[in-house]
Amino acid sequence: MSSEEFDQVEHPALEQLQSLGWEYLPGDQLSPPHSTQRKSLKEVVLESRLSDSIQRLNPWINQDNLRKVCRDLIQLPTSTLMEANQQVWQMMVQLISVEQDLGKGRKGQTVKIIDFDQPDNNQFLCTNQFKVEGINQNIIPDIILFVNGLPLAVIECKSPYTTNPMQSGINQLLRYANRRDPADHEGAEKLFHYNQMMISTHRDKARVGTISSGLEHYLEWKDPYPLQVSQLGDNPNSQQVLIAGMLEQNNFLDLIRNFIVFEPEEGRVIKKLARYQQFRSVHKTIHRLKTGPDRKQKGGIIWHTQGSGKSLSMVFLTIKIRRDPDLRDYKLVFI
């Protein structure tokens, strides 16, 4: 990375993340030989942080089951990037069950990997220049975001003064995930088994995609909801808006839990993440349902333009309603 990229893009991103409550450690402090967080550069999960978090969120769990859960998350028995990624997402969001006797016989017990209901109960860590050893070469993403030791987001930073910085950043992300030509093994695919967001930024523009996104599917996040753009200062840039809107800890976990779907399309699985207008409209609908003057009357209308993702908006809304204790018993009618 050039000093220009660090000073104008990476450093401001790290500072903003820290202002949102993310702990920061440089990548070399999480890597051997300077740290015990990883035994080798091949490891992408911070296992001690993962183990400590699971123990804290599930104080009843015994050591055998704790080791089993960590092992299941780290040693994924899957053959493709998408299969591994979907399995990790299901384990985080739909939870894991282990057999354990808590005093009433040996029964299945649910294990939390992440506390989505109380974000403050989790460990949020951002790091930069975190080296990962791949099959043929090492990769060094600019910024990685860990929650409870799991690397859930990768940010690639480019200078705004280079030629086609957005395309360059996305191409770098595709290389890291070994998606340009998988047979070449030019990346470190295992890092992306856990990935929920891939972000390319050159300060003036920032776009986000998922592990299945092509160049044309990376999109801006233009609204820091529930904040207003004016609350971010004078003329905030695209990078600042995206970080405030997507990487604020409550929003980040909410997006992972309620605004991601895996859909089969033309014989392959596509991972889809909500766009900012879908996230905003779902939250405004939930607020209206809970606070409207007469909950028996019409809640309101969501106005969509063609191609804006109406069907997925309704899927995300349904997921949110079903997880909300005040709304989960409502009947939903789709026409």
# chains A, B, ... in the order shown; residues from 1 in each chain; ligands from 1
$ residues_around --residues "Leu46 (chain A)" --least-positions-apart "5" --cutoff "10 Å" --atoms "only C-alpha atoms" --output "PyMOL selection string"
chain A and resi 30-31+36-39+51+74+146-151
$ select_by_dssp --residues "region 51-275 of chain A" --states "alpha helix (DSSP H)" --output "MDAnalysis selection string"
chainID A and resid 51:57 63:74 81:93 165:176 238:246 249:258
$ residues_around --residues "Gly108 (chain A)" --least-positions-apart "2" --cutoff "12 Å" --atoms "only C-alpha atoms" --output "mmCIF file with C-alpha atoms, in the first residue's frame"
data_model
loop_
_atom_site.group_PDB
_atom_site.id
_atom_site.type_symbol
_atom_site.label_atom_id
_atom_site.label_comp_id
_atom_site.auth_asym_id
_atom_site.auth_seq_id
_atom_site.Cartn_x
_atom_site.Cartn_y
_atom_site.Cartn_z
ATOM 1 C CA ILE A 61 -20.909 -24.988 28.136
ATOM 2 C CA ASN A 65 -18.414 -28.951 23.760
ATOM 3 C CA LEU A 95 -27.192 -21.320 15.882
ATOM 4 C CA ILE A 96 -25.466 -24.600 16.799
ATOM 5 C CA SER A 97 -26.806 -27.359 19.040
ATOM 6 C CA VAL A 98 -24.671 -29.568 21.297
ATOM 7 C CA GLU A 99 -25.607 -32.440 23.606
ATOM 8 C CA GLN A 100 -25.026 -31.617 27.273
ATOM 9 C CA ASP A 101 -26.576 -32.372 30.657
ATOM 10 C CA LEU A 102 -27.472 -29.171 32.517
ATOM 11 C CA LYS A 104 -32.218 -32.500 33.658
ATOM 12 C CA GLY A 105 -30.589 -35.155 31.527
ATOM 13 C CA ARG A 106 -28.545 -35.005 28.363
ATOM 14 C CA THR A 110 -28.302 -24.072 21.740
ATOM 15 C CA VAL A 111 -24.934 -22.334 21.461
#
$ residues_around --residues "region 304-310 of chain A" --least-positions-apart "5" --cutoff "9 Å" --atoms "only C-alpha atoms" --output "ChimeraX atom specification"
/A:274-275,277-278,315
$ write_last_selection --atoms "N, CA, C and O atoms" --output "PDB file, in the first residue's frame"
ATOM      1  N   ALA A 274     -28.830  -6.911   1.424  1.00  0.00           N
ATOM      2  CA  ALA A 274     -29.775  -5.816   1.198  1.00  0.00           C
ATOM      3  C   ALA A 274     -29.067  -4.551   0.732  1.00  0.00           C
ATOM      4  O   ALA A 274     -27.911  -4.296   1.072  1.00  0.00           O
ATOM      5  N   ARG A 275     -29.790  -3.735  -0.030  1.00  0.00           N
ATOM      6  CA  ARG A 275     -29.341  -2.398  -0.384  1.00  0.00           C
ATOM      7  C   ARG A 275     -29.867  -1.417   0.662  1.00  0.00           C
ATOM      8  O   ARG A 275     -30.757  -1.738   1.449  1.00  0.00           O
ATOM      9  N   GLN A 277     -31.769   1.189   0.640  1.00  0.00           N
ATOM     10  CA  GLN A 277     -33.185   1.553   0.657  1.00  0.00           C
ATOM     11  C   GLN A 277     -34.053   0.415   1.203  1.00  0.00           C
ATOM     12  O   GLN A 277     -35.086   0.663   1.833  1.00  0.00           O
ATOM     13  N   GLN A 278     -33.614  -0.826   1.016  1.00  0.00           N
ATOM     14  CA  GLN A 278     -34.344  -1.960   1.583  1.00  0.00           C
ATOM     15  C   GLN A 278     -34.187  -1.989   3.105  1.00  0.00           C
ATOM     16  O   GLN A 278     -35.161  -2.199   3.835  1.00  0.00           O
ATOM     17  N   VAL A 315     -39.103 -10.179   1.845  1.00  0.00           N
ATOM     18  CA  VAL A 315     -38.436 -11.286   2.538  1.00  0.00           C
ATOM     19  C   VAL A 315     -37.741 -10.764   3.792  1.00  0.00           C
ATOM     20  O   VAL A 315     -37.880 -11.323   4.894  1.00  0.00           O
TER      21      VAL A 315
END
$ closest_residue --among "A:Phe192, A:Phe252, A:Phe124, A:Phe316" --to "Leu145 (chain A)" --atoms "only C-alpha atoms"
A:Phe124
$ residues_around --residues "His287 (chain A)" --least-positions-apart "3" --cutoff "12 Å" --atoms "only C-alpha atoms" --output "JSON, numbers by chain"
{"A": [226, 280, 281, 282, 283, 284, 290, 291, 292, 293, 295, 299, 300, 317, 320, 321, 324, 326, 327]}
$ closest_residue --among "A:Glu83, A:Asp7, A:Val208, A:Ile114" --to "Arg49 (chain A)" --atoms "only C-alpha atoms"
A:Ile114
$ select_by_dssp --residues "region 6-116 of chain A" --states "strand (DSSP E or B)" --output "PyMOL selection string"
chain A and resi 23-24+96-101+106-111
$ atom_distance --atom1 "CA of His217 (chain A)" --atom2 "CA of Val241 (chain A)"
18.6 Å
$ residues_around --residues "Cys157 (chain A)" --least-positions-apart "3" --cutoff "6 Å" --atoms "only C-alpha atoms" --output "MDAnalysis selection string"
chainID A and resid 10 201:202
$ closest_residue --among "A:Thr127, A:Lys112, A:Arg323, A:Val9" --to "Leu25 (chain A)" --atoms "only C-alpha atoms"
A:Thr127
$ atom_distance --atom1 "CA of Glu23 (chain A)" --atom2 "CA of Leu76 (chain A)"
27.5 Å
